[in-house]
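See below for the structure under consideration.
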Protein chains: 4
Amino acid sequence: MSYNTFGQMFRFTTWGESHGPALGVVVDGCPPGIAISPEVIQRDLDRRKPGQSRFTTQRREADEVKILSGVFEDERTDGLRTTGTPISLLIENTDQRSKDYGEIRDKYRPGHADFTYHQKYGLRDYRGGGRSSARETAARVAAGAVARLVIPEVRIRASLVQVGPHKIDYANFDWDQVDQNPFFCADAKAAAMWAEYLDGLRKSGDSVGAVIEVVAENVPVGWGAPIYGKLSADLASAMMSINAVKGVEIGAGMEAASLTGTANADQMRAGPDAPYFLSNSAGGILGGITNGDPVVVRFAVKPTSSILTPRQTVTTANEDTDIITKGRHDPCVGIRAVPIGEAMMAVTLADHFLRHRAQTGRPGGVGY
Amino acid sequence: MSYNTFGQMFRFTTWGESHGPALGVVVDGCPPGIAISPEVIQRDLDRRKPGQSRFTTQRREADEVKILSGVFEDERTDGLRTTGTPISLLIENTDQRSKDYGEIRDKYRPGHADFTYHQKYGLRDYRGGGRSSARETAARVAAGAVARLVIPEVRIRASLVQVGPHKIDYANFDWDQVDQNPFFCADAKAAAMWAEYLDGLRKSGDSVGAVIEVVAENVPVGWGAPIYGKLSADLASAMMSINAVKGVEIGAGMEAASLTGTANADQMRAGPDAPYFLSNSAGGILGGITNGDPVVVRFAVKPTSSILTPRQTVTTANEDTDIITKGRHDPCVGIRAVPIGEAMMAVTLADHFLRHRAQTGRPGGVGY
Amino acid sequence: MSYNTFGQMFRFTTWGESHGPALGVVVDGCPPGIAISPEVIQRDLDRRKPGQSRFTTQRREADEVKILSGVFEDERTDGLRTTGTPISLLIENTDQRSKDYGEIRDKYRPGHADFTYHQKYGLRDYRGGGRSSARETAARVAAGAVARLVIPEVRIRASLVQVGPHKIDYANFDWDQVDQNPFFCADAKAAAMWAEYLDGLRKSGDSVGAVIEVVAENVPVGWGAPIYGKLSADLASAMMSINAVKGVEIGAGMEAASLTGTANADQMRAGPDAPYFLSNSAGGILGGITNGDPVVVRFAVKPTSSILTPRQTVTTANEDTDIITKGRHDPCVGIRAVPIGEAMMAVTLADHFLRHRAQTGRPGGVGY
Amino acid sequence: MSYNTFGQMFRFTTWGESHGPALGVVVDGCPPGIAISPEVIQRDLDRRKPGQSRFTTQRREADEVKILSGVFEDERTDGLRTTGTPISLLIENTDQRSKDYGEIRDKYRPGHADFTYHQKYGLRDYRGGGRSSARETAARVAAGAVARLVIPEVRIRASLVQVGPHKIDYANFDWDQVDQNPFFCADAKAAAMWAEYLDGLRKSGDSVGAVIEVVAENVPVGWGAPIYGKLSADLASAMMSINAVKGVEIGAGMEAASLTGTANADQMRAGPDAPYFLSNSAGGILGGITNGDPVVVRFAVKPTSSILTPRQTVTTANEDTDIITKGRHDPCVGIRAVPIGEAMMAVTLADHFLRHRAQTGRPGGVGY
């Protein structure tokens, strides 16, 4: 029901602009008694942080998180724990360099939200895109780190699976590769190829889109809530809320359109304790509810709109002009979207875990 | 924030099962004073109604809507008008034929929600899928018909654009064709081909997926609410909540991944009154807010899971078995999803119209 | 977050007007597997039903409830059970007698919502007050009956404790008396006196207000959610949403203002299993969370605004006039508010039970 | 729908504990373009601030507010304006003195939320009550200051009208007196008497309750949303969410129970432009919707539970003990509740203004 809030039971509200003094998030509804620390949140933030390779923006932000509320260390217990009250997390902006962005005061950058924010609100914080900047995603990643603590048994990982027209080869897929290259890519070969491809693009002052695949393993049967709170619907909303995302797929995704019923519907067999599925076209979700298989989501990120190639645009006074978006930009924003996708998977699942527990009194499916 | 409710300001709650006595929807938050009639709602329901061609289920439902509340005809005014109070719409089920569905009491149908509902809730209404049946979409279409009345200046249309591997040719695209063939297809040639293709599939006891494209024209600049209430995010949730949907795209969609920044970002030129865009990769949405261009959404529907080909599955007692899903099923559920997609576009836009008006006091953008 | 919806996890949406064809409620979020029947809902509806004594309106309504969805009787189980999907309940209006209300088309009845609905919406269903009629409370009572099934261990009872200036004597308080007199009054002596008092008022064409006390026993420690979801805040909202209510008190209530700290704060002693309180000024709620003591709420209902004494008012054309509100009205609407207060207590507690279970995974407090 | 969030369209989320590093609030849904400054928020905070007279706690907090987001000063416009994005406000805690509160680690203070928080969450921040401390109200007052800017035409004022058994004399009521005495009391005579009365109480180590009356003038007709979003219901929730509040009244309030229909229902007369009411028993609200008269709300605050008189209680290990709550406490917390009541009136009205505007497209009633 809100604009800057996501989730129902595990809910978080983000705030802050690209060039304001700080940004942050308030996480509400987190269960009490969970061990937490700034370090565990920082770890996820560091993966999203800019400036970690030549393929991401050179803006320098420590993205150091402070926990301002919602945690307590009882002197008789072991370390910091959540108290069940709102967890306020704050990240200071330290490297704003406002002057880099002077020209965009008077011109709308194509592909950016400058025009629509200006039209909707009648004014806008034009410094670095203000609220529409991807800086906001730092706040989500912080919320996602808390969400992971709520569902520790669930393993959430993501990989870049496509850069421009170049897809990975799933035969090479190896989760261990993800942190071995600057692309969070599970296919080492593809990563090597992308490095070359992106170097070329960067030199030509251009950028390119990407696809990210997020997988959650060990999700219990039963999470998700028909009809308008289907897990698939909430995941679609979660991923589509990330800056620059234009498409979301669950399981077979858009490809499901091409399949026949015999090929698509995952057949079942009896297992020792419970039935299992012979395939996972469903992406782990049937009727909006998890079926015990890995939850698989992919989303497409459009190419960075800030490019060094001159583009036709208009001024805020509705006059024709051209613009070159200088500054420190990611040639492929999809790269840094990998940990963001993980975070959105984590918050969505944590929320549905709590919602499922509310209605049924159980953490997951009834089992056999 | 809810399970069976969609929307914030224009909100509706659906209820009802496939084989219960009735189904319905309560629309809350509708503005007062809008001329309404059962006929205008019936018109949309009739487009979704089963049994209209050999390509959809032969279940016979009149789907006749009754307005139970929220409207009033003052004897001094002209006809029925909304009063601003909840509009309750009811549709009776008349052709349930429960016996057709006996076998599914004890077996989980692959691709259906039987297993997940059973696991989540511990029991399920197995007659025709109960709540998970696409019968529910009649209620949404009714809500969508009301939503259209709230934003009469917006024109919402949809077309089937892919059946199985066969896509339409956009060069043939003609909205006037949509109601001239049983596929709601804007490309007459493609429709003719699909007819043959589906006849073959039907005979072989199989089914196939589809892609639907929904376009909203004349949407004012400014609708949509960052960050977690982006119009794109709400549309993704809206479409993904439809039965059998596995992918959602806005504008360039998944294809955006393959584009370069120079190709993707829509350039702008000064118009006589306001700027305009030279292309619409954005699908009418920038930063989650409408930019004045047509809002373009596509979604993929998986093939009907109920097929005559025997499939491996398990019993509710976790024993291996096979199942053939008899009964009256759509060989391509994507066909009837066309008016449903229109309805979900209508309710999402009506909601954002009201939300925009709340925050800004204006119906749309500031203009020039 | 809604207009015609109450609750977060146990949520219900009511619809319908006084003189429309029907009214109803959709209950969403109810746990699955709960034994339910039309009879158990009817029992509560019958207590609220008009025309049961000379002290309530003579409108004749059977108020017969139909369950349209959300329940299922598996042939292998025992009786009807909730399925976890929305429960739609419908009550037909049978005794509308529209002609009784002709005059109010053109005149605003003092104390009624005629003027404000007309101003807000620009039009109104003037027949019997339309949506603002206390007929709506039948729908809440139905929802309350479902809510009681969700928290069967909690005992919710209510008594009329004041009629006009005449309060009960708590020394005579006996719950067994409540169903022995037409006032739902736990003090038989007070009830006898009120009968005489109200007969006098009725003859003089006047009406009077009342206070209802609702008590929930056996509520576990821990329900309620700081800060803006305090159980006390939600109960205040619940009771204030009932027609004609002008004041709500928890525990000591308004009287708390007169108390000293030594008199007010309930002292504690160690019990065999857990601490207990020596008094209950708190009304069972501390910091918005239940403390294990009975939850005690009182609310004041203003006198029926529809009276036979002529009152000064204006026409819808803003001209002075007088009005006598004929028709079949309760001389003291507070009487029928007793089961309504119970229902609102039930729905609020059921909601907080589910919310507590979501966040903590436990039904109630940690215990000792 | 939330725990630490209030409102639907004008929504705010508070966070922070009594003895944490800071507390704050995120205001979401504020309209864009509103002139704002730290000073205008500080003004309201300063009125609530502790330590301003001998009748309030001597804790020293500057309560200095920082605006971290949601505002922007375009160099071409005049001063800071809201941008329509979330406004994050932060107040640092500077005078925590944790040692004052050592004893309460192991003992539950009667009348406080220590016991219930501990039971609900299994652990608690015992320093100064943690999240349950009235420190949280600073955040609401900050939100209230923003809300006032959203509805500048509405005048919201409050007065303490009762301290212990001593009520003001409404014949002496003079708004100009409110800021002339340490009690925010519109009756100078009563204020003088209370000073003496409270000095006595303070010396005896006791405390006392109070009643606050909040009045909003110049509220347009039409705000408020039936049925469960009645303005009266939301105001009841708003006031009951304030620490220590046990009763809420609208207009005639609990006294309405004693009135007859002839005395209670406010009669109407035709005015030059619109009808007006001859009295205001309704407190400006009919059917949950404003009628154009001042909105009048009263709420009762229980006596401060932290007193110097020894009280019986138990330890966290369920053993009998006594407690004296030392520290710096308000002898009558009701005094500082006056600006808090104003703030809650402001946020509730701002929210309903936006909600009304959403549904009707108008700021207020249709007029004549």
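Chain labels run A, B, ... following the order of the structure tokens; each chain numbers its residues from 1, and ligands are numbered from 1 in the order shown.
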Determine, using only C-alpha atoms, which residues of chain D have any atom at most 6 Å from an atom of chain A, and tabulate each with its shortest atom pair and distance in Å to one decimal place, rows ordered by chain and then rising number, as a tab-separated table.
```
residue	atom	partner	partner_atom	distance
D:Trp15	CA	A:Pro86	CA	5.5
D:Gly16	CA	A:Ser69	CA	5.0
D:Pro32	CA	A:Tyr121	CA	5.6
D:Ser69	CA	A:Gly16	CA	4.9
D:Phe72	CA	A:Asp125	CA	5.9
D:Pro86	CA	A:Trp15	CA	5.5
D:Tyr121	CA	A:Pro32	CA	5.6
D:Asp125	CA	A:Phe72	CA	5.9
```
DSSP-assigned strand (DSSP E) among segment 95-295 of chain D, expressed as a PyMOL selection string: chain D and resi 155-163+166-167+210-217+245-250+268-270+275-277+285-286+289-290+295
Within 7 Å of segment 215-232 of chain B using only C-alpha atoms, minus same-chain residues under 6 positions, as a VMD selection string: (chain A and resid 2 to 6 116 119 to 120 240 to 241) or (chain B and resid 153 to 158 285 288 to 292 294 to 297 352 to 353 356 364 to 365)
Residues near Ile335 of chain B, cut-off 10 Å, only C-alpha atoms, skip fewer than 2 positions along chain, as a PyMOL selection string: chain B and resi 48+55-56+159-160+162-163+182-185+209-212+301+330-333+337-340
Nearby residues (only C-alpha atoms) at most 12 Å from Gln180 of chain A, same-chain spacing under 4 positions excluded, as an NGL selection string: :A and (159 or 174-176 or 184-189 or 191-192)
Å distance separating atom CA of Ala317 of chain A from atom CA of Phe277 of chain B, one decimal place: 15.5 Å
Selected residue of minimal separation from Asp266 of chain B among A:Lys326, A:His166, A:Asn172, A:Pro110, counting only C-alpha atoms: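 Among the listed residues, the smallest separation from Asp266 of chain B belongs to A:Pro110.
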